[in-house]
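Novice: For reference, this is protein.pdb, and it has PDB, C-alpha atoms and all ligand atoms.
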```
MODEL        1
ATOM      1  CA  MET A   1       0.000   0.000   0.000
ATOM      2  CA  LYS A   2       2.796   2.380   0.937
ATOM      3  CA  GLN A   3       4.538   1.580  -2.342
ATOM      4  CA  ILE A   4       1.384   2.360  -4.299
ATOM      5  CA  ARG A   5       1.072   5.690  -2.499
ATOM      6  CA  LEU A   6       4.670   6.543  -3.356
ATOM      7  CA  LEU A   7       4.006   5.570  -6.953
ATOM      8  CA  ILE A   8       0.978   7.862  -7.122
ATOM      9  CA  LEU A   9       2.932  10.679  -5.480
ATOM     10  CA  GLY A  10       5.750  10.225  -7.962
ATOM     11  CA  THR A  11       3.328  10.323 -10.881
ATOM     12  CA  LEU A  12       1.741  13.520  -9.539
ATOM     13  CA  LEU A  13       5.150  15.161  -9.137
ATOM     14  CA  THR A  14       6.099  14.196 -12.680
ATOM     15  CA  LEU A  15       2.813  15.594 -14.002
ATOM     16  CA  ASN A  16       3.393  18.765 -12.025
ATOM     17  CA  SER A  17       6.854  19.410 -13.465
ATOM     18  CA  THR A  18       5.515  18.736 -16.967
ATOM     19  CA  LEU A  19       2.794  21.326 -16.387
ATOM     20  CA  LEU A  20       5.346  23.803 -15.028
ATOM     21  CA  TRP A  21       7.338  23.385 -18.227
ATOM     22  CA  ALA A  22       4.347  24.369 -20.329
ATOM     23  CA  GLY A  23       4.567  27.816 -18.722
ATOM     24  CA  GLU A  24       8.201  28.583 -19.638
ATOM     25  CA  SER A  25       7.971  31.646 -21.876
ATOM     26  CA  ILE A  26      10.458  32.371 -24.631
ATOM     27  CA  THR A  27      10.413  35.345 -26.999
ATOM     28  CA  VAL A  28      11.780  34.788 -30.502
ATOM     29  CA  TYR A  29      12.834  37.491 -32.992
ATOM     30  CA  LYS A  30      13.024  36.349 -36.599
ATOM     31  CA  SER A  31      12.669  37.443 -40.179
ATOM     32  CA  PRO A  32       9.102  36.932 -41.515
ATOM     33  CA  THR A  33      10.457  34.808 -44.372
ATOM     34  CA  CYS A  34      12.703  32.524 -42.276
ATOM     35  CA  GLY A  35      11.393  28.961 -42.651
ATOM     36  CA  CYS A  36      13.986  27.291 -40.435
ATOM     37  CA  CYS A  37      13.214  29.824 -37.673
ATOM     38  CA  SER A  38       9.555  28.726 -37.733
ATOM     39  CA  ALA A  39      10.645  25.077 -37.676
ATOM     40  CA  TRP A  40      12.808  25.804 -34.584
ATOM     41  CA  ILE A  41       9.815  27.487 -32.913
ATOM     42  CA  GLU A  42       7.785  24.310 -33.554
ATOM     43  CA  HIS A  43      10.597  22.284 -31.954
ATOM     44  CA  LEU A  44      10.419  24.526 -28.857
ATOM     45  CA  GLU A  45       6.631  24.212 -28.656
ATOM     46  CA  GLN A  46       6.847  20.438 -28.982
ATOM     47  CA  ASN A  47       9.184  20.539 -25.978
ATOM     48  CA  GLY A  48       6.780  22.511 -23.805
ATOM     49  CA  PHE A  49       7.923  26.104 -24.334
ATOM     50  CA  ASP A  50       5.397  28.923 -24.592
ATOM     51  CA  VAL A  51       6.710  30.857 -27.619
ATOM     52  CA  THR A  52       5.983  34.461 -28.528
ATOM     53  CA  ALA A  53       7.396  35.269 -31.984
ATOM     54  CA  HIS A  54       8.147  38.736 -33.347
ATOM     55  CA  ASP A  55       8.835  39.231 -37.057
ATOM     56  CA  THR A  56      11.367  41.861 -38.070
ATOM     57  CA  THR A  57      13.068  42.496 -41.396
ATOM     58  CA  ASN A  58      16.167  43.835 -39.639
ATOM     59  CA  MET A  59      17.711  41.361 -37.196
ATOM     60  CA  ASN A  60      21.071  43.119 -36.751
ATOM     61  CA  PRO A  61      19.881  45.766 -34.260
ATOM     62  CA  VAL A  62      18.201  43.004 -32.230
ATOM     63  CA  LYS A  63      21.432  40.994 -32.086
ATOM     64  CA  GLN A  64      23.456  44.095 -31.217
ATOM     65  CA  ALA A  65      21.065  45.088 -28.433
ATOM     66  CA  LEU A  66      21.233  41.569 -26.962
ATOM     67  CA  GLY A  67      25.026  41.348 -27.217
ATOM     68  CA  VAL A  68      25.287  38.696 -29.923
ATOM     69  CA  GLN A  69      28.554  39.226 -31.785
ATOM     70  CA  PRO A  70      28.722  38.510 -35.547
ATOM     71  CA  LYS A  71      30.945  35.437 -34.990
ATOM     72  CA  HIS A  72      28.178  33.933 -32.816
ATOM     73  CA  ALA A  73      25.267  34.951 -35.028
ATOM     74  CA  SER A  74      22.647  32.736 -36.666
ATOM     75  CA  CYS A  75      19.186  33.511 -38.072
ATOM     76  CA  HIS A  76      16.795  33.969 -35.127
ATOM     77  CA  THR A  77      17.479  35.420 -31.671
ATOM     78  CA  ALA A  78      15.479  34.570 -28.545
ATOM     79  CA  GLU A  79      15.158  35.625 -24.927
ATOM     80  CA  VAL A  80      14.253  33.308 -22.056
ATOM     81  CA  ALA A  81      14.519  34.100 -18.340
ATOM     82  CA  GLY A  82      17.159  36.781 -18.905
ATOM     83  CA  TYR A  83      19.253  34.598 -21.225
ATOM     84  CA  VAL A  84      19.818  35.090 -24.942
ATOM     85  CA  ILE A  85      19.401  32.070 -27.223
ATOM     86  CA  GLU A  86      20.936  32.518 -30.676
ATOM     87  CA  GLY A  87      20.208  30.124 -33.512
ATOM     88  CA  HIS A  88      19.186  26.480 -33.595
ATOM     89  CA  VAL A  89      19.884  25.549 -29.952
ATOM     90  CA  PRO A  90      18.173  22.256 -28.961
ATOM     91  CA  ALA A  91      15.333  22.674 -26.430
ATOM     92  CA  ASN A  92      17.045  20.246 -24.031
ATOM     93  CA  GLU A  93      20.062  22.547 -23.767
ATOM     94  CA  ILE A  94      17.795  25.512 -22.980
ATOM     95  CA  LYS A  95      16.152  23.437 -20.234
ATOM     96  CA  ARG A  96      19.605  22.541 -18.891
ATOM     97  CA  LEU A  97      20.582  26.233 -18.982
ATOM     98  CA  LEU A  98      17.485  27.170 -16.992
ATOM     99  CA  ALA A  99      18.220  24.425 -14.447
ATOM    100  CA  GLU A 100      21.920  25.289 -14.081
ATOM    101  CA  ARG A 101      21.654  29.103 -14.395
ATOM    102  CA  PRO A 102      25.325  29.793 -15.162
ATOM    103  CA  ALA A 103      26.684  33.380 -15.193
ATOM    104  CA  ILE A 104      26.700  33.811 -18.989
ATOM    105  CA  SER A 105      24.762  35.909 -21.510
ATOM    106  CA  GLY A 106      23.332  32.871 -23.224
ATOM    107  CA  LEU A 107      23.749  30.003 -25.669
ATOM    108  CA  THR A 108      24.380  29.984 -29.386
ATOM    109  CA  VAL A 109      24.649  27.606 -32.301
ATOM    110  CA  PRO A 110      26.461  29.888 -34.774
ATOM    111  CA  GLY A 111      25.460  29.653 -38.422
ATOM    112  CA  MET A 112      22.775  27.184 -39.413
ATOM    113  CA  PRO A 113      24.213  23.650 -39.196
ATOM    114  CA  MET A 114      22.310  20.954 -41.085
ATOM    115  CA  GLY A 115      20.681  18.474 -38.715
ATOM    116  CA  SER A 116      20.164  20.918 -35.829
ATOM    117  CA  PRO A 117      16.552  21.397 -34.599
ATOM    118  CA  GLY A 118      14.682  23.271 -37.340
ATOM    119  CA  MET A 119      17.421  22.451 -39.869
ATOM    120  CA  GLU A 120      16.475  18.818 -40.452
ATOM    121  CA  GLY A 121      17.283  17.565 -43.922
ATOM    122  CA  SER A 122      19.170  14.984 -45.905
ATOM    123  CA  ARG A 123      22.413  15.633 -44.025
ATOM    124  CA  LYS A 124      23.393  15.738 -40.351
ATOM    125  CA  ASP A 125      26.524  17.808 -39.722
ATOM    126  CA  PRO A 126      28.287  17.854 -36.341
ATOM    127  CA  TYR A 127      27.797  21.130 -34.439
ATOM    128  CA  GLN A 128      28.416  22.652 -31.031
ATOM    129  CA  VAL A 129      26.262  24.592 -28.616
ATOM    130  CA  LEU A 130      28.400  27.412 -27.202
ATOM    131  CA  THR A 131      27.991  29.665 -24.181
ATOM    132  CA  PHE A 132      28.819  33.338 -24.720
ATOM    133  CA  ASP A 133      29.242  36.361 -22.485
ATOM    134  CA  ALA A 134      29.112  40.142 -22.933
ATOM    135  CA  GLU A 135      32.784  40.225 -23.980
ATOM    136  CA  GLY A 136      32.184  37.642 -26.707
ATOM    137  CA  ASN A 137      34.028  34.853 -24.889
ATOM    138  CA  SER A 138      32.619  31.392 -25.392
ATOM    139  CA  THR A 139      32.954  27.835 -24.142
ATOM    140  CA  VAL A 140      31.543  24.564 -25.475
ATOM    141  CA  TYR A 141      28.258  23.718 -23.722
ATOM    142  CA  ALA A 142      27.380  20.622 -25.755
ATOM    143  CA  ASP A 143      28.584  18.620 -28.750
ATOM    144  CA  TYR A 144      26.187  17.221 -31.343
TER     145      TYR A 144
HETATM  146 CU    CU B 201      17.995  28.925 -39.215
ENDMDL
END
```
Take the structure in this file and express it as structure tokens.
Specialist:
Amino acid sequence: MKQIRLLILGTLLTLNSTLLWAGESITVYKSPTCGCCSAWIEHLEQNGFDVTAHDTTNMNPVKQALGVQPKHASCHTAEVAGYVIEGHVPANEIKRLLAERPAISGLTVPGMPMGSPGMEGSRKDPYQVLTFDAEGNSTVYADY
């Protein structure tokens, strides 16, 4: 009986954290014609993020304002919980970032590597998720 109660409690806790995830808001800035940006947004939504998307024809001022240097730039730029997310960063890495809360500006996948979330196609190229800070320093956060 006690084991069953623990099982039920565990299930409730799991449900609860899933529901909490549904409330994680992320704001995405993208060009209105960017197809891979929309595909990345779908990837985020499938992973429980609550996405607000803003279309803009001029992404450079957005990247400058959020401290994304050209060497770290991709197509879309996003903000979540005070962090900047640049490019096709996998949702799992954003969740890890929000759990770990390191002292960085955010995460980036520079460029648009084939095979990253939103860039699915015939090819799967290796790519890295990088951290970056206000000075433009970066470290490897994950290898794919
Ligand atoms: Cu893209």
Novice: So, with all atoms listed in the file as the atoms that count, which of A:Asn47, A:Ser116, A:Asn92, A:Thr56 lies closest to Pro32 in chain A?
Specialist: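 That would be A:Thr56, the residue with the smallest distance to Pro32 in chain A.
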Novice: Suppose you want the space between CA of Ser31 in chain A and CA of Lys71 in chain A; what is it in Å?
Specialist: 19.1 Å
Novice: Any idea what's packed within 8 Å of His43 in chain A, counting all atoms listed in the file, ignoring anything in its chain fewer than 3 positions away? Could you give it as JSON, numbers by chain?
Specialist: {"A": [39, 40, 46, 47, 91, 117, 118]}
Novice: On this structure, the PyMOL selection byres (((chain A and resi 35) around 12) and not hetatm) would catch which residues? List them as a list in words, sorted by chain and number.
Specialist: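 Output of the PyMOL selection byres (((chain A and resi 35) around 12) and not hetatm): Lys30, Ser31, Pro32, Thr33, Cys34, Cys36, Cys37, Ser38, Ala39, Trp40, Ile41, Glu42, Asp55, Cys75, His76, Met112, Gly118, Met119 and Glu120 of chain A.
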Novice: For each of A:Ala142, A:Met114, A:Leu98, A:Val109, take the minimum atom-to-atom distance to Ala73 in chain A, counting only C-alpha atoms, then give the residue where this is smallest.
Specialist: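 Result for the nearest residue to Ala73 in chain A: A:Val109.
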